[in-house]
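Asks: Once you've had a glance at the structure underneath, I'll fire off some questions.
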Amino acid sequence: MKTRWLVAATIACMLIGPVVTYGADLVLADFETGLDGWVPNNWDKPQTYLFSYWKGVTSGNRALMLIVPRPGWTIAALVKFQDVYKNNPAALADLTAKWMAAKTLEVDITIDPGNWLARPRVDNWVTVSLVFNTQNGGWVQLPVISDSVNPNSPGGWDPVNFPKMQTRHIVYDLRQVNATLKAAGGPGAWFEIFAILNSGPAYEKGGAFYMDNLKLSGIPTITWVSFHKADDSPSGGAAGAGFTVAPDKGYTDLLKAQGYFVNRYVTTGTPDLAVINASDLVIISRSVSSGHYQNVSADTWNSVTAPMIICGGYVLRKNRMGFTTGNTIPDTTGDITLTVTDPTHPIFKGIQLTNGTMVNPYAGIVTYPTDGVTLARGISVNTDTPDDEAIVLATISAAGNGPVGGMIIAEWMAGSTLVHDGGAGTNVLGGHRLVLLTGSREAQGINSETAGMYDLYADGAKIFLNAVEYMLASKTKAIELVNPSFELPGVGKIKGWNGEGIGGTPAEDIPGWASDGAPADSGIETGWGATDGEYTAFLKAKDPMVYQLTDYVIQAGDVFMLKVDAKNNWQATKFMLIIYYDDTGIPIPVATKDAALTDTMQTFTLIFKANDFPDSVGKRLGIEFANSSPVADSWVGFDNVRLSVTSVTQ
């Protein structure tokens, strides 16, 4: 046993990261009322000792004092969660789920030089570390992200560099540990943390250190928007129909079983954006009033910056939030399977497909639990065309029991534009959106607040949980462009992108932009309807395309969104947007759009998914524009180029 421990303990502590920080904390031990399940090492002699103590406190009034009466490598203390919760298996299951959902483990360690008396030698040092042990994962010394006092040697102390008592905050990374455990089906029958102390031989009688505020952190917090304020508190309409728990409780139970913190938020047309945007993920249940998502309320909900999953089709309609171009919405009538457009998408991981269609059912029709007889109606599916910036991921398969080809799963990147009735009419989405339709429609003649009952089969539940993981891990950021609104060099009208000085205009390079040859009559100018600043670019038909190669290196799973404002300046009818990757100097186009122009500036969007072109991964990303009008003497005006990427963080 000691040999196995020694191998685990002598792995070097390394600073790693960065780690995406979000979510809530779960305190595992604060030692306010005792030792919180920690026990000393009483099998080695002399044994270690533990006390609830006043020194080293960082939270409350007490900390844990650990006395180790010998030098060298020692197990100072341990906590066996399977013993702490042996009489409460539900609490152990909840803790295990939250551990698996957490990103980091944090602890405060205090070392007082007065507790360490050494002979006059040079090898005066102490190191504190944590080791994790599970049945399925074995021994793992937890890797360190940060040590607030000694970042170069995490957990390390010596009396020369740290002559005074100091408390250090140490953050350990759980991401790889939890990924391994997840692949193994969980930690297994035992689940333990060991506090390890190692000290130089000069400390013949050992010493002591203090530990406080041990907590899991980065546990995702999900806001579940619904009629029902609590799992055990159905709305008045649902209670009046005989429900004693929220009709959509099956979904929040599923989320809690994965360790997520789930906060219910009663649906409203005037949400508190400070609360909503503080969420790691917002999920709008099927069990809501669609009237809360129309007109000005649609503007508000579309502005939410937190990532969002929408489960109900009624709020998607053009007369609500505008995710679809119409308001037609029939219901499914039986079990449905889905046809998937992108089997490589993380949402479909682990789902058995044949020729792109699910082998097993996604969702079905549910029975009211109030009488065990009444059938609810199925999923309400929008059959009108989705907004043109949608990335449709799955539709109802040809097997039927619903409108074949109807959208069930689709996503919109942050920055997408929606058009809806009422309110502002046009909204730019504040965050990433995923539509994932699930949840029954209320039976005919029964209160609508009974809608949203859990209707997923096993593969549907897996898709739902995969979607939650995906949305929690996805982050959208702008890709920096040089001179995206053509304001530089700011010396008036210029013809030519590379400093050609065509037609007597200034021989100035236009920063960030280039063409593979001198144009006849293209460049930048003022006075033509700029949407950001004073300048716009102009591009003559038959002139070389203008492009910009960015520094961004494409990663697997990236989704890019290019936006640009453009219009007809003179006889132009078409404007081409292109996204490409650079293959050792050769541009390889991967997405194009031939946009139809009017005399008014409009915003045009082009989307590219890296998974559609695996060869693009690891290459630099570029954008390009062309006047594709058939009339040679025509000019396009364009401005305000924006480029963003939505990536899945690991």
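Residues in the structure tokens are numbered from 1 in each chain, the chains being A, B, ... in the order shown, and ligands are numbered from 1 in the order shown.
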Please report, as a Markdown table, each residue of region 175-249 of chain A lying at most 9 Å from region 111-121 of chain A, together with the nearest pair of atoms and the separation in Å rounded to one decimal; use only C-alpha atoms, and order rows by chain and ascending residue number.
Replies:
```
| residue | atom | partner | partner_atom | distance |
| --- | --- | --- | --- | --- |
| A:Pro201 | CA | A:Ala118 | CA | 8.6 |
| A:Ala202 | CA | A:Ala118 | CA | 5.2 |
| A:Tyr203 | CA | A:Ala118 | CA | 4.7 |
| A:Glu204 | CA | A:Ala118 | CA | 7.0 |
| A:Lys205 | CA | A:Leu117 | CA | 7.8 |
| A:Gly206 | CA | A:Trp116 | CA | 6.8 |
| A:Gly207 | CA | A:Trp116 | CA | 5.0 |
| A:Ala208 | CA | A:Asn115 | CA | 5.7 |
| A:Phe209 | CA | A:Ile111 | CA | 5.0 |
| A:Tyr210 | CA | A:Ile111 | CA | 6.6 |
```
Asks: With 7 Å as the cut-off and only C-alpha atoms counted, what is the closest atom pair between each nearby residue of region 332-377 of chain A and region 381-398 of chain A? Distances in Å to one decimal, ordered by chain and number, as CSV.
Replies:
```
residue,atom,partner,partner_atom,distance
A:Ile336,CA,A:Ile396,CA,6.7
A:Thr337,CA,A:Ser397,CA,5.7
A:Leu338,CA,A:Ile396,CA,4.7
A:Thr339,CA,A:Ser397,CA,4.9
A:Val340,CA,A:Ala394,CA,4.4
A:Thr341,CA,A:Leu393,CA,5.2
A:Asp342,CA,A:Leu393,CA,6.2
A:Thr357,CA,A:Ser397,CA,6.8
```
Asks: Print the selection's residues with N, CA and C atoms to a file, as a short mmCIF file (atom, residue, chain, number, x, y, z; two decimals), in the first residue's frame.
Replies:
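Okay, this is what ended up in again.cif:
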```
data_model
loop_
_atom_site.label_atom_id
_atom_site.label_comp_id
_atom_site.auth_asym_id
_atom_site.auth_seq_id
_atom_site.Cartn_x
_atom_site.Cartn_y
_atom_site.Cartn_z
N ILE A 336 -41.63 9.47 -32.17
CA ILE A 336 -40.91 10.03 -33.31
C ILE A 336 -39.43 9.71 -33.19
N THR A 337 -38.80 9.57 -34.35
CA THR A 337 -37.34 9.52 -34.44
C THR A 337 -36.89 10.75 -35.22
N LEU A 338 -35.62 11.04 -35.14
CA LEU A 338 -35.08 12.24 -35.77
C LEU A 338 -34.09 11.88 -36.86
N THR A 339 -34.09 12.67 -37.91
CA THR A 339 -33.05 12.60 -38.93
C THR A 339 -32.07 13.73 -38.67
N VAL A 340 -30.81 13.37 -38.59
CA VAL A 340 -29.75 14.27 -38.12
C VAL A 340 -28.99 14.83 -39.32
N THR A 341 -28.76 16.12 -39.34
CA THR A 341 -28.03 16.73 -40.45
C THR A 341 -26.52 16.69 -40.24
N ASP A 342 -26.06 16.62 -38.99
CA ASP A 342 -24.63 16.63 -38.68
C ASP A 342 -24.35 15.62 -37.58
N THR A 357 -30.46 8.64 -39.45
CA THR A 357 -31.71 8.65 -38.69
C THR A 357 -31.58 7.79 -37.44
#
```
Asks: Taking the DSSP secondary structure from the backbone, can you list the residues of region 17-135 of chain A that are alpha helix (DSSP H), as a PyMOL selection string?
Replies: chain A and resi 81-84+89-101
Asks: Mind dumping the selected residues with N, CA and C atoms as a PDB file, in the first residue's frame?
Replies:
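Output below, filename again-v7.pdb:
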```pdb
ATOM      1  N   PHE A  81     -15.983   9.641   1.745  1.00  0.00           N
ATOM      2  CA  PHE A  81     -17.364  10.090   1.606  1.00  0.00           C
ATOM      3  C   PHE A  81     -18.349   8.938   1.713  1.00  0.00           C
ATOM      4  N   GLN A  82     -17.910   7.739   1.316  1.00  0.00           N
ATOM      5  CA  GLN A  82     -18.802   6.593   1.434  1.00  0.00           C
ATOM      6  C   GLN A  82     -19.100   6.265   2.891  1.00  0.00           C
ATOM      7  N   ASP A  83     -18.188   6.639   3.806  1.00  0.00           N
ATOM      8  CA  ASP A  83     -18.443   6.448   5.234  1.00  0.00           C
ATOM      9  C   ASP A  83     -19.266   7.602   5.808  1.00  0.00           C
ATOM     10  N   VAL A  84     -18.948   8.820   5.366  1.00  0.00           N
ATOM     11  CA  VAL A  84     -19.662   9.987   5.880  1.00  0.00           C
ATOM     12  C   VAL A  84     -21.159   9.871   5.582  1.00  0.00           C
ATOM     13  N   PRO A  89     -27.724   7.351   1.407  1.00  0.00           N
ATOM     14  CA  PRO A  89     -27.253   7.105   0.033  1.00  0.00           C
ATOM     15  C   PRO A  89     -27.709   8.177  -0.956  1.00  0.00           C
ATOM     16  N   ALA A  90     -28.862   8.805  -0.692  1.00  0.00           N
ATOM     17  CA  ALA A  90     -29.324   9.863  -1.609  1.00  0.00           C
ATOM     18  C   ALA A  90     -28.378  11.052  -1.565  1.00  0.00           C
ATOM     19  N   ALA A  91     -27.913  11.406  -0.353  1.00  0.00           N
ATOM     20  CA  ALA A  91     -26.970  12.518  -0.228  1.00  0.00           C
ATOM     21  C   ALA A  91     -25.637  12.183  -0.884  1.00  0.00           C
ATOM     22  N   LEU A  92     -25.193  10.922  -0.752  1.00  0.00           N
ATOM     23  CA  LEU A  92     -23.948  10.510  -1.399  1.00  0.00           C
ATOM     24  C   LEU A  92     -24.090  10.578  -2.917  1.00  0.00           C
ATOM     25  N   ALA A  93     -25.239  10.153  -3.432  1.00  0.00           N
ATOM     26  CA  ALA A  93     -25.460  10.212  -4.876  1.00  0.00           C
ATOM     27  C   ALA A  93     -25.447  11.655  -5.362  1.00  0.00           C
ATOM     28  N   ASP A  94     -26.053  12.552  -4.577  1.00  0.00           N
ATOM     29  CA  ASP A  94     -26.078  13.967  -4.960  1.00  0.00           C
ATOM     30  C   ASP A  94     -24.670  14.556  -4.935  1.00  0.00           C
ATOM     31  N   LEU A  95     -23.901  14.237  -3.889  1.00  0.00           N
ATOM     32  CA  LEU A  95     -22.526  14.728  -3.818  1.00  0.00           C
ATOM     33  C   LEU A  95     -21.700  14.199  -4.985  1.00  0.00           C
ATOM     34  N   THR A  96     -21.859  12.920  -5.286  1.00  0.00           N
ATOM     35  CA  THR A  96     -21.097  12.327  -6.390  1.00  0.00           C
ATOM     36  C   THR A  96     -21.422  13.031  -7.704  1.00  0.00           C
ATOM     37  N   ALA A  97     -22.711  13.290  -7.927  1.00  0.00           N
ATOM     38  CA  ALA A  97     -23.110  13.969  -9.162  1.00  0.00           C
ATOM     39  C   ALA A  97     -22.523  15.373  -9.233  1.00  0.00           C
ATOM     40  N   LYS A  98     -22.527  16.074  -8.114  1.00  0.00           N
ATOM     41  CA  LYS A  98     -22.001  17.444  -8.118  1.00  0.00           C
ATOM     42  C   LYS A  98     -20.484  17.440  -8.286  1.00  0.00           C
ATOM     43  N   TRP A  99     -19.802  16.456  -7.699  1.00  0.00           N
ATOM     44  CA  TRP A  99     -18.354  16.337  -7.930  1.00  0.00           C
ATOM     45  C   TRP A  99     -18.091  16.155  -9.420  1.00  0.00           C
ATOM     46  N   MET A 100     -18.868  15.273 -10.053  1.00  0.00           N
ATOM     47  CA  MET A 100     -18.652  14.994 -11.471  1.00  0.00           C
ATOM     48  C   MET A 100     -18.963  16.210 -12.339  1.00  0.00           C
ATOM     49  N   ALA A 101     -19.840  17.091 -11.855  1.00  0.00           N
ATOM     50  CA  ALA A 101     -20.190  18.294 -12.624  1.00  0.00           C
ATOM     51  C   ALA A 101     -19.230  19.440 -12.376  1.00  0.00           C
TER      52      ALA A 101
END
```
Asks: Would you please work out which residue, of A:Pro589, A:Leu597, A:Leu105, A:Met211, is nearest to Trp54 (chain A) when using only C-alpha atoms?
Replies: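 Going through A:Pro589, A:Leu597, A:Leu105, A:Met211 one by one, the smallest distance to Trp54 (chain A) is for A:Met211.
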Asks: Residues near Tyr53 (chain A), anyone? I mean within 8 Å using only C-alpha atoms, not counting same-chain ones fewer than 5 positions away, as a list in words.
Replies: Arg62, Ala63, Leu64 and Met65 of chain A
